[in-house]
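Report on the structure given below.
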Amino acid sequence: MNLELFIAKRLITGKEHKISISAPIIKIAIAAIAIGIVMMLIAIATGVGLKHKIREKVAAFNGHIQISNYDNNTSEVSVAPVSLEQDFYPKFKDVEGVSHVQAVATKGGIIRTEDTFEGMLAKGVGQDYNWTVFEEYIVDGRLPDYSGKLNDEVLVSRMMANRLQLKVDDSFFSFFLKDGDASRVPNNRRFKITGIYDSGFEEFDATYVFVDIRHIQRMNKWTSNEIGNFEVFLEDFDQLEEKSNEIYGKTLSDLDTQNIKTKYFRIFEWISLFDFNIALIIGIMIIVGGINMITALLVLILERTQMIGVLKALGSENWSIRKVFLYNATYLIAIGLLWGNGIGLALLCLQDKFRLFKFPNPEEYYIEYIPVHIDISTVLLLNLGVMLLCLVMLLVPSYIITKITPVKAIKFE
């Protein structure tokens with residue numbers, strides 16, 4: 001029989017426990033633990049959720065890794081064509097963890113309407129393009145269909161449609177320079193809007209127009225087997241650097257690879273700061289919760305001084321008596337964690353389903369609502385970490401029990 005656990009249970013379930021002087025202090029300590037775990041869950045879920053959403057949006061426009069020819073072109077425009085006949089296309093069999101490979105090409109142009117004009121970056125895609133990553137961004141119309149013959153269907157952003165005062169089923173003319181020579185008559189294309197998207201990523205929404213890749217191949221005088229570059233999607237983003245190096249080693253020597261972390265390093269440097277903010281919030285909440293538990297434990301010890309004296313007089317060791325109060329504290333922490341997890345996870349599920357809370361300035365965060373990402377293993381590790389750290393913090397104040405003498409404790413009132 002575990003004597004310390006038995007005494008702790010009697011202290012917890014006893015009626016005097018609920019009406020004692022320490023009762024309100026214990027409630028405050030439990031509330032502090034609960035509020036702390038709610039704040040930690042929200043910080044982790046929203047921070048990780050925002051990171052994932054931003055990564056998904058950047059990857060939706062670029063893939064995780066791009067494979068192209070070496071050239072001195074620093075713009076987004078495809079200059080040197082790449083042969084479509086590659087060992088890694090359409091499936092990258094030599095590298096595990098690659099979910100999809102697609103061929104694209106880009107060309108700069110100008111959209112001209114009766115009232116205004118706008119610069120654009122036409123992104124040519126074909127029937128191998130993975131539209132599933134774009135489905136959630138469609139706000140009007142439908143996705144274009146490039147599986148059949150060459151057509152004039154395009155997908156434009158809401159931002160560009162508003163600037164040009166265009167809507168679904170409207171047509172517009174666009175002009176593209178021939179090989180960058182402004183003296184020659186530009187290529188003229190007439191496109192029809194079949195869908196409008198809104199990713200919330202202003203950097204992309206302001207320029208990208210999705211067209212049939214065969215238009216760009218014809219304007220650049222490429223064959224049907226020549227494209228601008230390949231976009232590679234990975235199953236696990238955390239393996240980006242490792243897979244980038246592996247893919248680079250598996251491709252021909254005249255091909256270059258670049259991942260989105262390198263291409264958009266400023267964005268990924270910014271979102272890496274989220275980890276520091278999350279760690280800071282967790283650290284502060286654990287300290288606040290630990291201090292409240294220390295206060296509660298000291299009050300419990302003070303309130304049970306006579307009991308401590310009696311146990312010592314009966315021969316109990318200091319560590320045995322300390323364990324009684326540590327068991328008691330573990331119960332209180334567990335109650336706080338239970339309430340905190342219940343409230344925190346409920347709030348996160350509501351936000352994930354109904355998107356109740358939105359950013360006041362969505363253009364700064366590239367997303368309109370506050371996204372959440374709930375990972376069960378992270379939640380379990382967080383709870384275990386909070387429990388262990390709080391108990392470690394309580395070892396020091398429980399040491400005060402060793403200073404209590406039986407004679408003075410029994411006389412204590």
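By order of appearance in the structure tokens: chains A, B, ..., then residues from 1 within every chain, and ligands from 1 in the order shown.
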### Message
Just want the 6 Å neighbourhood of segment 174-178 of chain A, counted on only C-alpha atoms, with same-chain residues fewer than 5 positions away dropped. Output as a PyMOL selection string.
### Response
chain A and resi 109-112+186-189
### Task
Per DSSP on the backbone, filter segment 49-252 of chain A down to the residues in alpha helix (DSSP H) and report them as number ranges by chain.
A: 49-62, 158-164, 202-205, 213-219, 240-250
### Message
Neighbouring residues of Ile294 of chain A were defined as those with any atom within 8 Å, considering only C-alpha atoms; residues of the same chain fewer than 2 positions away were excluded. Please report them as a ChimeraX atom specification.
### Response
/A:290-292,296-298,393-394,397
### Message
Using Å and a single decimal, report how far atom CA of Tyr129 of chain A sits from atom CA of Lys353 of chain A.
### Response
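Separation between atom CA of Lys353 of chain A and atom CA of Tyr129 of chain A: 28.7 Å.
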### Which residue of A:Leu382, A:Ala23, A:Val98, A:Leu314 approaches Val38 of chain A most closely, using only C-alpha atoms
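Among A:Leu382, A:Ala23, A:Val98, A:Leu314, it is A:Leu382 that comes nearest to Val38 of chain A.
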### Message
Report as an MDAnalysis selection string all protein, DNA and RNA residues lying within 12 Å of Leu388 of chain A, evaluated on only C-alpha atoms, omitting residues in the same chain fewer than 6 positions from it.
### Response
chainID A and resid 286 290 326 329:330 333:334 381:382 394:395
Go ahead and save the picked residues with N, CA, C and O atoms, as a PDB file, in the first residue's frame.
ATOM      1  N   ILE A 286       4.313  28.855 -18.291  1.00  0.00           N
ATOM      2  CA  ILE A 286       4.782  27.829 -17.352  1.00  0.00           C
ATOM      3  C   ILE A 286       5.287  28.482 -16.070  1.00  0.00           C
ATOM      4  O   ILE A 286       5.024  28.001 -14.959  1.00  0.00           O
ATOM      5  N   GLY A 290       3.599  27.881 -12.578  1.00  0.00           N
ATOM      6  CA  GLY A 290       4.453  27.296 -11.547  1.00  0.00           C
ATOM      7  C   GLY A 290       4.474  28.124 -10.276  1.00  0.00           C
ATOM      8  O   GLY A 290       4.414  27.574  -9.156  1.00  0.00           O
ATOM      9  N   LEU A 326       3.373  16.511  -2.835  1.00  0.00           N
ATOM     10  CA  LEU A 326       3.617  16.476  -4.279  1.00  0.00           C
ATOM     11  C   LEU A 326       2.509  15.716  -5.004  1.00  0.00           C
ATOM     12  O   LEU A 326       2.102  16.092  -6.105  1.00  0.00           O
ATOM     13  N   ALA A 329      -0.305  18.131  -5.169  1.00  0.00           N
ATOM     14  CA  ALA A 329      -0.061  19.144  -6.203  1.00  0.00           C
ATOM     15  C   ALA A 329      -0.261  18.566  -7.598  1.00  0.00           C
ATOM     16  O   ALA A 329      -0.782  19.236  -8.499  1.00  0.00           O
ATOM     17  N   THR A 330       0.147  17.294  -7.773  1.00  0.00           N
ATOM     18  CA  THR A 330      -0.050  16.642  -9.078  1.00  0.00           C
ATOM     19  C   THR A 330      -1.527  16.569  -9.429  1.00  0.00           C
ATOM     20  O   THR A 330      -1.916  16.804 -10.579  1.00  0.00           O
ATOM     21  N   ILE A 333      -2.649  20.070 -10.477  1.00  0.00           N
ATOM     22  CA  ILE A 333      -2.144  20.395 -11.824  1.00  0.00           C
ATOM     23  C   ILE A 333      -2.954  19.645 -12.876  1.00  0.00           C
ATOM     24  O   ILE A 333      -3.305  20.202 -13.926  1.00  0.00           O
ATOM     25  N   ALA A 334      -3.256  18.373 -12.593  1.00  0.00           N
ATOM     26  CA  ALA A 334      -4.025  17.566 -13.537  1.00  0.00           C
ATOM     27  C   ALA A 334      -5.417  18.155 -13.766  1.00  0.00           C
ATOM     28  O   ALA A 334      -5.918  18.173 -14.900  1.00  0.00           O
ATOM     29  N   LEU A 381       2.617  16.044 -25.634  1.00  0.00           N
ATOM     30  CA  LEU A 381       3.948  16.437 -25.174  1.00  0.00           C
ATOM     31  C   LEU A 381       3.896  17.730 -24.366  1.00  0.00           C
ATOM     32  O   LEU A 381       4.618  17.878 -23.371  1.00  0.00           O
ATOM     33  N   LEU A 382       3.044  18.656 -24.787  1.00  0.00           N
ATOM     34  CA  LEU A 382       2.898  19.919 -24.051  1.00  0.00           C
ATOM     35  C   LEU A 382       2.381  19.666 -22.643  1.00  0.00           C
ATOM     36  O   LEU A 382       2.920  20.212 -21.671  1.00  0.00           O
ATOM     37  N   LEU A 394       8.131  22.554  -7.889  1.00  0.00           N
ATOM     38  CA  LEU A 394       7.554  22.363  -6.554  1.00  0.00           C
ATOM     39  C   LEU A 394       8.478  21.608  -5.608  1.00  0.00           C
ATOM     40  O   LEU A 394       8.219  21.564  -4.398  1.00  0.00           O
ATOM     41  N   LEU A 395       9.530  21.008  -6.143  1.00  0.00           N
ATOM     42  CA  LEU A 395      10.470  20.280  -5.275  1.00  0.00           C
ATOM     43  C   LEU A 395      11.162  21.223  -4.295  1.00  0.00           C
ATOM     44  O   LEU A 395      11.427  20.855  -3.144  1.00  0.00           O
TER      45      LEU A 395
END
### Message
Using DSSP secondary structure from the backbone, list all strand (DSSP E) positions within segment 151-396 of chain A, as a ChimeraX atom specification.
### Response
/A:153-157,171-176,187-197,208-212,226-227,229-234,255-259
Please produce a file of the residues just selected, as a compact mmCIF listing (two decimals), in the first residue's frame, where the atoms kept are N, CA and C atoms.
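Resulting contents of out-v9.txt:
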# COMPACT_ATOMS: atom_id res chain seq x y z
N GLU A 153 -9.18 29.77 -72.21
CA GLU A 153 -9.63 29.89 -70.83
C GLU A 153 -8.47 30.29 -69.91
N VAL A 154 -8.75 31.21 -68.98
CA VAL A 154 -7.71 31.66 -68.03
C VAL A 154 -8.31 31.78 -66.63
N LEU A 155 -7.42 31.74 -65.66
CA LEU A 155 -7.78 31.95 -64.25
C LEU A 155 -7.04 33.19 -63.77
N VAL A 156 -7.76 34.18 -63.29
CA VAL A 156 -7.15 35.43 -62.82
C VAL A 156 -7.49 35.64 -61.35
N SER A 157 -6.76 36.52 -60.70
CA SER A 157 -7.00 36.81 -59.30
C SER A 157 -8.11 37.84 -59.14
N SER A 171 -13.96 38.70 -71.64
CA SER A 171 -12.75 38.46 -72.43
C SER A 171 -11.87 39.70 -72.42
N PHE A 172 -10.59 39.51 -72.64
CA PHE A 172 -9.65 40.63 -72.69
C PHE A 172 -8.50 40.30 -73.65
N PHE A 173 -7.82 41.32 -74.11
CA PHE A 173 -6.67 41.16 -74.98
C PHE A 173 -5.39 41.32 -74.16
N SER A 174 -4.39 40.55 -74.50
CA SER A 174 -3.09 40.63 -73.84
C SER A 174 -1.99 40.68 -74.88
N PHE A 175 -0.89 41.32 -74.50
CA PHE A 175 0.23 41.51 -75.44
C PHE A 175 1.51 41.01 -74.79
N PHE A 176 2.31 40.29 -75.60
CA PHE A 176 3.57 39.70 -75.13
C PHE A 176 4.69 40.07 -76.11
N ASN A 187 3.17 39.75 -79.64
CA ASN A 187 2.15 38.72 -79.81
C ASN A 187 0.86 39.18 -79.13
N ASN A 188 -0.25 38.92 -79.78
CA ASN A 188 -1.55 39.33 -79.27
C ASN A 188 -2.40 38.09 -79.01
N ARG A 189 -2.95 38.00 -77.80
CA ARG A 189 -3.80 36.88 -77.46
C ARG A 189 -5.09 37.39 -76.81
N ARG A 190 -6.17 36.72 -77.13
CA ARG A 190 -7.47 37.04 -76.53
C ARG A 190 -7.86 35.90 -75.60
N PHE A 191 -8.07 36.22 -74.34
CA PHE A 191 -8.40 35.21 -73.34
C PHE A 191 -9.78 35.46 -72.76
N LYS A 192 -10.36 34.39 -72.21
CA LYS A 192 -11.68 34.46 -71.58
C LYS A 192 -11.55 33.97 -70.13
N ILE A 193 -12.07 34.76 -69.20
CA ILE A 193 -11.99 34.41 -67.78
C ILE A 193 -13.03 33.35 -67.44
N THR A 194 -12.55 32.20 -66.97
CA THR A 194 -13.48 31.14 -66.53
C THR A 194 -13.54 31.04 -65.01
N GLY A 195 -12.54 31.59 -64.34
CA GLY A 195 -12.52 31.52 -62.89
C GLY A 195 -11.72 32.64 -62.27
N ILE A 196 -12.06 32.98 -61.04
CA ILE A 196 -11.36 34.02 -60.28
C ILE A 196 -10.92 33.43 -58.95
N TYR A 197 -9.65 33.62 -58.59
CA TYR A 197 -9.13 33.09 -57.34
C TYR A 197 -8.69 34.21 -56.42
N TYR A 208 -0.05 36.93 -61.22
CA TYR A 208 -0.22 35.63 -61.87
C TYR A 208 -1.57 35.49 -62.58
N VAL A 209 -1.51 35.07 -63.85
CA VAL A 209 -2.67 34.68 -64.65
C VAL A 209 -2.36 33.31 -65.22
N PHE A 210 -3.24 32.34 -65.00
CA PHE A 210 -3.00 30.97 -65.44
C PHE A 210 -3.61 30.76 -66.83
N VAL A 211 -2.75 30.33 -67.76
CA VAL A 211 -3.17 30.12 -69.15
C VAL A 211 -2.72 28.74 -69.61
N ASP A 212 -3.17 28.35 -70.79
CA ASP A 212 -2.73 27.09 -71.40
C ASP A 212 -1.27 27.21 -71.80
N GLU A 226 9.05 21.15 -75.10
CA GLU A 226 9.88 22.14 -74.42
C GLU A 226 9.01 22.97 -73.47
N ILE A 227 9.48 23.09 -72.26
CA ILE A 227 8.74 23.84 -71.23
C ILE A 227 9.70 24.77 -70.49
N ASN A 229 10.04 25.16 -66.90
CA ASN A 229 10.68 24.49 -65.76
C ASN A 229 9.71 23.46 -65.18
N PHE A 230 10.23 22.63 -64.30
CA PHE A 230 9.42 21.63 -63.59
C PHE A 230 9.19 22.10 -62.16
N GLU A 231 8.00 21.83 -61.66
CA GLU A 231 7.69 22.08 -60.26
C GLU A 231 7.48 20.75 -59.56
N VAL A 232 8.21 20.56 -58.46
CA VAL A 232 8.17 19.30 -57.73
C VAL A 232 7.50 19.52 -56.38
N PHE A 233 6.52 18.67 -56.05
CA PHE A 233 5.84 18.73 -54.76
C PHE A 233 6.28 17.55 -53.90
N LEU A 234 6.53 17.85 -52.63
CA LEU A 234 6.98 16.84 -51.68
C LEU A 234 5.85 16.42 -50.74
N LEU A 255 20.98 20.97 -65.47
CA LEU A 255 19.75 21.42 -64.81
C LEU A 255 20.05 21.90 -63.40
N ASP A 256 19.38 22.95 -63.01
CA ASP A 256 19.55 23.53 -61.68
C ASP A 256 18.28 23.29 -60.87
N THR A 257 18.42 23.19 -59.55
CA THR A 257 17.27 23.04 -58.66
C THR A 257 17.28 24.16 -57.64
N GLN A 258 16.10 24.61 -57.29
CA GLN A 258 15.95 25.68 -56.30
C GLN A 258 14.67 25.43 -55.51
N ASN A 259 14.77 25.47 -54.18
CA ASN A 259 13.57 25.27 -53.37
C ASN A 259 12.99 26.62 -52.96
